[in-house]
Amino acid sequence: MFGIETLSGNAQAAALVGIVLVEAMVLYVGYGALTAAVGPSVRKAIGGE
Amino acid sequence: MFELLGMSAGMLALFVGFGVLIGILFGFFGMGGSFLVTPALLVMGYPSRVAVGSGLAFVFGTSVIATLKHRDLGQVDYKLGVSMIIGTTVGLEVGKEIVLYLEELGLAGNIISVTYVLLLGGIGLFVTYEALKGGDGGGVSHDVDGDADIDADDIPELAKKIQSYSLPPMITLRGGVKVSLWMILLVAFATGLLSGFLGVGGGFIRMPALFYLIGVPVPIAVGTDLFEIMFSGGIGSFLYAQSGGVDLSIVAPLLAGSALGARVGSAATSIVDEDEIKVYFGLMLLLGALAVAVRQAGNYLGMGVLDYVSLALILGSALMVSGAVLYSAVKSMRAPASTGSSTAD
């Protein structure tokens with residue numbers, strides 16, 4: 001998967017950890033943008049305002 | 001059927017949903033990753049190497065996201081985090097050696113399980129008792145200004161005693177807490193020893209230890225604990241990935257779900273009442289202890305069905321506690337004449 005099968009043991013392990021790290025950063029930024037966009041309206045709806 | 005990452009859409013949805021649940025707990029308590037994921041993967045039939053390795057990779061990803069979130073809220077003390085990593089690493093190594101020695105004697109399995117149940121149950125009882133005893137006073141405010149001094153009444157008695165040992169070098173932590181570096185290293189070593197001995201991430205030991213032994217305010221204890229888990233999870237997943245123990249088709253959807261849940265969970269720490277947090281934390285530890293006891297009993301009696309009962313207890317308590325966190329957060333937001341506490345999202 002992701003074309004990392006051809007790498008050697010250590011390089012493949014580092015690539016796997018790197019993929020997880022990149023996914024985490026992308027999710028953090030992506031969900032951050034989503035929260036900024038819809039967060040206030042959700043908070044208003046929950047707060048009953 | 002629709003397939004992505006080599007698995008069906010149904011499995012993918014299951015992992016994403018499970019991720020959301022775990023994310024709420026992880027973001028809120030700073031623990032609960034491998035504690036929940038690894039047993040679930042084992043019962044689903046994954047080999048233990050994949051269950052543990054993928055669990056660790058998931059914990060790594062989730063803790064990266066949650067640490068970034070807590071950092072934005074000013075709830076990570078890097079000085080404390082780095083000091084803790086040093087002490088914990090040494091403790092982990094010693095803990096592992098003790099396990100190897102006990103394995104040679106053929107006593108490891110039983111001693112570890114009994115210690116796990118006693119420790120998890122003991123901390124759970126203590127935290128629940130303290131939170132219930134505290135009533136509506138004595139808690140530490142969640143809206144912690146990193147540079148502001150905390151009220152002396154908010155610091156547990158044991159932590160005050162530990163802070164009173166002025167063995168140089170002294171370190172000033174967030175919230176104005178001043179404590180000897182040696183005391184931090186000692187606490188970190190002890191928690192590392194226990195987590196190495198028990199083979200767990202150690203968030204459930206470290207988070208209360210930071211609060212009750214060093215006197216770090218709970219939100220900073222959670223943020224700093226996550227910072228440390230990020231390092232241990234990264235190293236652990238690398239070691240397992242070397243032998244093919246990390247399955248991205250498990251980790252990727254779990255992480256996608258938990259990133260959303262962690263955002264909700266860490267935002268809730270700024271809204272929900274301090275004592276309620278501690279009650280939930282305590283209850284979850286107690287149910288976790290019960291789940292481990294049930295699993296151990298199943299192994300002893302040769303009753304495989306108790307593995308499923310244990311998993312149901314873990315998943316049930318996770319669902320119940322994350323539901324309670326969400327309920328409290330919504331209740332606080334709906335409360336009239338709110339005290340104006342800031343929210344994260």
# chains A, B, ... in the order shown; residues from 1 in each chain; ligands from 1

call {"tool": "residues_around", "arguments": {"residues": "range 19-32 of chain A", "least_positions_apart": "4", "cutoff": "8 Å", "atoms": "only C-alpha atoms", "output": "NGL selection string"}}
result
(:A and (15 or 36)) or (:B and (57-58 or 60-62 or 64-65 or 68 or 251-252 or 255-256 or 259-260))

call {"tool": "write_last_selection", "arguments": {"atoms": "C-alpha atoms", "output": "PDB file, in the first residue's frame"}}
result
ATOM      1  CA  ALA A  15       7.718   5.436   6.014  1.00  0.00           C
ATOM      2  CA  ALA A  36     -13.692  27.134  12.134  1.00  0.00           C
TER       3      ALA A  36
ATOM      4  CA  ALA B  57       0.567   3.543  15.581  1.00  0.00           C
ATOM      5  CA  PHE B  58      -2.983   4.695  16.206  1.00  0.00           C
ATOM      6  CA  PHE B  60       0.892   7.873  18.016  1.00  0.00           C
ATOM      7  CA  GLY B  61      -1.339   9.547  15.394  1.00  0.00           C
ATOM      8  CA  THR B  62      -4.049  10.434  17.893  1.00  0.00           C
ATOM      9  CA  VAL B  64       0.010  14.028  17.683  1.00  0.00           C
ATOM     10  CA  ILE B  65      -3.410  15.545  16.941  1.00  0.00           C
ATOM     11  CA  LEU B  68      -1.387  20.008  18.843  1.00  0.00           C
ATOM     12  CA  VAL B 251      -4.843   2.743  11.498  1.00  0.00           C
ATOM     13  CA  ALA B 252      -5.985   5.168   8.760  1.00  0.00           C
ATOM     14  CA  LEU B 255      -7.328   7.888  13.016  1.00  0.00           C
ATOM     15  CA  ALA B 256      -9.768   9.709  10.714  1.00  0.00           C
ATOM     16  CA  ALA B 259      -9.190  13.072  15.000  1.00  0.00           C
ATOM     17  CA  LEU B 260     -12.760  14.334  14.994  1.00  0.00           C
TER      18      LEU B 260
END

call {"tool": "closest_atom_pairs", "arguments": {"of": "chain B", "to": "chain A", "cutoff": "10 Å", "atoms": "only C-alpha atoms", "output": "JSON lines"}}
result
{"residue": "B:Leu5", "atom": "CA", "partner": "A:Met1", "partner_atom": "CA", "distance": 7.9}
{"residue": "B:Gly6", "atom": "CA", "partner": "A:Met1", "partner_atom": "CA", "distance": 9.1}
{"residue": "B:Ala57", "atom": "CA", "partner": "A:Val17", "partner_atom": "CA", "distance": 7.1}
{"residue": "B:Phe58", "atom": "CA", "partner": "A:Val20", "partner_atom": "CA", "distance": 7.9}
{"residue": "B:Phe60", "atom": "CA", "partner": "A:Leu21", "partner_atom": "CA", "distance": 7.9}
{"residue": "B:Gly61", "atom": "CA", "partner": "A:Ala24", "partner_atom": "CA", "distance": 5.3}
{"residue": "B:Thr62", "atom": "CA", "partner": "A:Ala24", "partner_atom": "CA", "distance": 7.0}
{"residue": "B:Ser63", "atom": "CA", "partner": "A:Ala24", "partner_atom": "CA", "distance": 8.9}
{"residue": "B:Val64", "atom": "CA", "partner": "A:Ala24", "partner_atom": "CA", "distance": 6.6}
{"residue": "B:Ile65", "atom": "CA", "partner": "A:Tyr28", "partner_atom": "CA", "distance": 5.8}
{"residue": "B:Ala66", "atom": "CA", "partner": "A:Tyr28", "partner_atom": "CA", "distance": 8.7}
{"residue": "B:Leu68", "atom": "CA", "partner": "A:Tyr28", "partner_atom": "CA", "distance": 7.9}
{"residue": "B:Lys69", "atom": "CA", "partner": "A:Tyr28", "partner_atom": "CA", "distance": 8.2}
{"residue": "B:Gly233", "atom": "CA", "partner": "A:Val17", "partner_atom": "CA", "distance": 9.8}
{"residue": "B:Gly234", "atom": "CA", "partner": "A:Val17", "partner_atom": "CA", "distance": 6.9}
{"residue": "B:Ile235", "atom": "CA", "partner": "A:Val17", "partner_atom": "CA", "distance": 8.9}
{"residue": "B:Gly236", "atom": "CA", "partner": "A:Val17", "partner_atom": "CA", "distance": 9.9}
{"residue": "B:Ser237", "atom": "CA", "partner": "A:Val17", "partner_atom": "CA", "distance": 6.9}
{"residue": "B:Phe238", "atom": "CA", "partner": "A:Ala13", "partner_atom": "CA", "distance": 5.5}
{"residue": "B:Leu239", "atom": "CA", "partner": "A:Ala13", "partner_atom": "CA", "distance": 7.6}
{"residue": "B:Tyr240", "atom": "CA", "partner": "A:Ala13", "partner_atom": "CA", "distance": 8.0}
{"residue": "B:Ala241", "atom": "CA", "partner": "A:Ala13", "partner_atom": "CA", "distance": 4.7}
{"residue": "B:Gln242", "atom": "CA", "partner": "A:Ala13", "partner_atom": "CA", "distance": 5.1}
{"residue": "B:Ser243", "atom": "CA", "partner": "A:Gly9", "partner_atom": "CA", "distance": 7.5}
{"residue": "B:Gly244", "atom": "CA", "partner": "A:Ala13", "partner_atom": "CA", "distance": 8.0}
{"residue": "B:Gly245", "atom": "CA", "partner": "A:Ala13", "partner_atom": "CA", "distance": 9.4}
{"residue": "B:Val246", "atom": "CA", "partner": "A:Leu16", "partner_atom": "CA", "distance": 7.7}
{"residue": "B:Asp247", "atom": "CA", "partner": "A:Leu16", "partner_atom": "CA", "distance": 9.0}
{"residue": "B:Leu248", "atom": "CA", "partner": "A:Leu16", "partner_atom": "CA", "distance": 7.8}
{"residue": "B:Ser249", "atom": "CA", "partner": "A:Met1", "partner_atom": "CA", "distance": 8.9}
{"residue": "B:Val251", "atom": "CA", "partner": "A:Val20", "partner_atom": "CA", "distance": 7.8}
{"residue": "B:Ala252", "atom": "CA", "partner": "A:Val20", "partner_atom": "CA", "distance": 7.4}
{"residue": "B:Leu255", "atom": "CA", "partner": "A:Ala24", "partner_atom": "CA", "distance": 7.3}
{"residue": "B:Ala256", "atom": "CA", "partner": "A:Leu27", "partner_atom": "CA", "distance": 6.8}
{"residue": "B:Gly257", "atom": "CA", "partner": "A:Leu27", "partner_atom": "CA", "distance": 9.6}
{"residue": "B:Ser258", "atom": "CA", "partner": "A:Leu27", "partner_atom": "CA", "distance": 9.7}
{"residue": "B:Ala259", "atom": "CA", "partner": "A:Leu27", "partner_atom": "CA", "distance": 6.4}
{"residue": "B:Leu260", "atom": "CA", "partner": "A:Tyr31", "partner_atom": "CA", "distance": 6.8}
{"residue": "B:Ala262", "atom": "CA", "partner": "A:Tyr28", "partner_atom": "CA", "distance": 9.8}
{"residue": "B:Arg263", "atom": "CA", "partner": "A:Tyr31", "partner_atom": "CA", "distance": 8.1}
{"residue": "B:Val264", "atom": "CA", "partner": "A:Thr35", "partner_atom": "CA", "distance": 9.8}
{"residue": "B:Ala329", "atom": "CA", "partner": "A:Ile46", "partner_atom": "CA", "distance": 9.7}
{"residue": "B:Val330", "atom": "CA", "partner": "A:Ile46", "partner_atom": "CA", "distance": 6.5}
{"residue": "B:Lys331", "atom": "CA", "partner": "A:Gly47", "partner_atom": "CA", "distance": 8.5}
{"residue": "B:Ser332", "atom": "CA", "partner": "A:Gly47", "partner_atom": "CA", "distance": 8.7}
{"residue": "B:Met333", "atom": "CA", "partner": "A:Gly47", "partner_atom": "CA", "distance": 5.2}
{"residue": "B:Arg334", "atom": "CA", "partner": "A:Gly47", "partner_atom": "CA", "distance": 4.5}
{"residue": "B:Ala335", "atom": "CA", "partner": "A:Gly47", "partner_atom": "CA", "distance": 8.0}
{"residue": "B:Pro336", "atom": "CA", "partner": "A:Gly47", "partner_atom": "CA", "distance": 9.3}
{"residue": "B:Thr343", "atom": "CA", "partner": "A:Arg43", "partner_atom": "CA", "distance": 9.6}
{"residue": "B:Ala344", "atom": "CA", "partner": "A:Gly39", "partner_atom": "CA", "distance": 9.7}
{"residue": "B:Asp345", "atom": "CA", "partner": "A:Gly39", "partner_atom": "CA", "distance": 6.0}

call {"tool": "select_by_dssp", "arguments": {"residues": "chain A", "states": "alpha helix (DSSP H)", "output": "PyMOL selection string"}}
result
chain A and resi 9-47

call {"tool": "closest_residue", "arguments": {"among": "B:Val117, B:Val218, B:Val179, B:Leu125", "to": "Ala159 in chain B", "atoms": "only C-alpha atoms"}}
result
B:Val179

call {"tool": "select_by_dssp", "arguments": {"residues": "range 1-191 of chain B", "states": "strand (DSSP E)", "output": "ChimeraX atom specification"}}
result
/B:3-4,7-8,170-172,178-180

call {"tool": "residues_around", "arguments": {"residues": "range 310-321 of chain B", "least_positions_apart": "3", "cutoff": "6 Å", "atoms": "only C-alpha atoms", "output": "ChimeraX atom specification"}}
result
/B:291,294-295,306-307,324

call {"tool": "residues_around", "arguments": {"residues": "range 38-40 of chain B", "least_positions_apart": "2", "cutoff": "7 Å", "atoms": "only C-alpha atoms", "output": "list in words"}}
result
Ser34, Phe35, Leu36, Leu42, Val43, Met44, Ala51, Val52, Gly55 and Leu311 of chain B

call {"tool": "write_last_selection", "arguments": {"atoms": "N, CA and C atoms", "output": "PDB file, in the first residue's frame"}}
result
ATOM      1  N   SER B  34      -4.478   2.578  23.338  1.00  0.00           N
ATOM      2  CA  SER B  34      -4.135   1.164  23.226  1.00  0.00           C
ATOM      3  C   SER B  34      -4.993   0.328  24.180  1.00  0.00           C
ATOM      4  N   PHE B  35      -5.389   0.934  25.279  1.00  0.00           N
ATOM      5  CA  PHE B  35      -6.229   0.308  26.295  1.00  0.00           C
ATOM      6  C   PHE B  35      -7.517  -0.228  25.658  1.00  0.00           C
ATOM      7  N   LEU B  36      -8.048   0.494  24.657  1.00  0.00           N
ATOM      8  CA  LEU B  36      -9.288   0.086  24.005  1.00  0.00           C
ATOM      9  C   LEU B  36      -9.056  -0.611  22.665  1.00  0.00           C
ATOM     10  N   LEU B  42      -7.719  -7.728  18.944  1.00  0.00           N
ATOM     11  CA  LEU B  42      -7.427  -9.132  19.294  1.00  0.00           C
ATOM     12  C   LEU B  42      -8.686  -9.983  19.199  1.00  0.00           C
ATOM     13  N   VAL B  43      -9.786  -9.473  19.749  1.00  0.00           N
ATOM     14  CA  VAL B  43     -11.040 -10.234  19.719  1.00  0.00           C
ATOM     15  C   VAL B  43     -11.571 -10.333  18.285  1.00  0.00           C
ATOM     16  N   MET B  44     -11.232  -9.333  17.432  1.00  0.00           N
ATOM     17  CA  MET B  44     -11.664  -9.378  16.023  1.00  0.00           C
ATOM     18  C   MET B  44     -10.836 -10.367  15.207  1.00  0.00           C
ATOM     19  N   ALA B  51      -2.237  -6.349  16.324  1.00  0.00           N
ATOM     20  CA  ALA B  51      -3.121  -5.642  17.263  1.00  0.00           C
ATOM     21  C   ALA B  51      -2.326  -4.630  18.086  1.00  0.00           C
ATOM     22  N   VAL B  52      -1.172  -5.060  18.613  1.00  0.00           N
ATOM     23  CA  VAL B  52      -0.363  -4.167  19.450  1.00  0.00           C
ATOM     24  C   VAL B  52       0.297  -3.087  18.589  1.00  0.00           C
ATOM     25  N   GLY B  55      -2.254  -0.692  17.212  1.00  0.00           N
ATOM     26  CA  GLY B  55      -2.734   0.085  18.363  1.00  0.00           C
ATOM     27  C   GLY B  55      -1.761   1.199  18.707  1.00  0.00           C
ATOM     28  N   LEU B 311     -14.474  -7.527  26.561  1.00  0.00           N
ATOM     29  CA  LEU B 311     -14.503  -6.530  25.483  1.00  0.00           C
ATOM     30  C   LEU B 311     -15.767  -5.681  25.573  1.00  0.00           C
TER      31      LEU B 311
END

call {"tool": "atom_distance", "arguments": {"atom1": "CA of Leu193 in chain B", "atom2": "CA of Ile98 in chain B"}}
result
9.0 Å
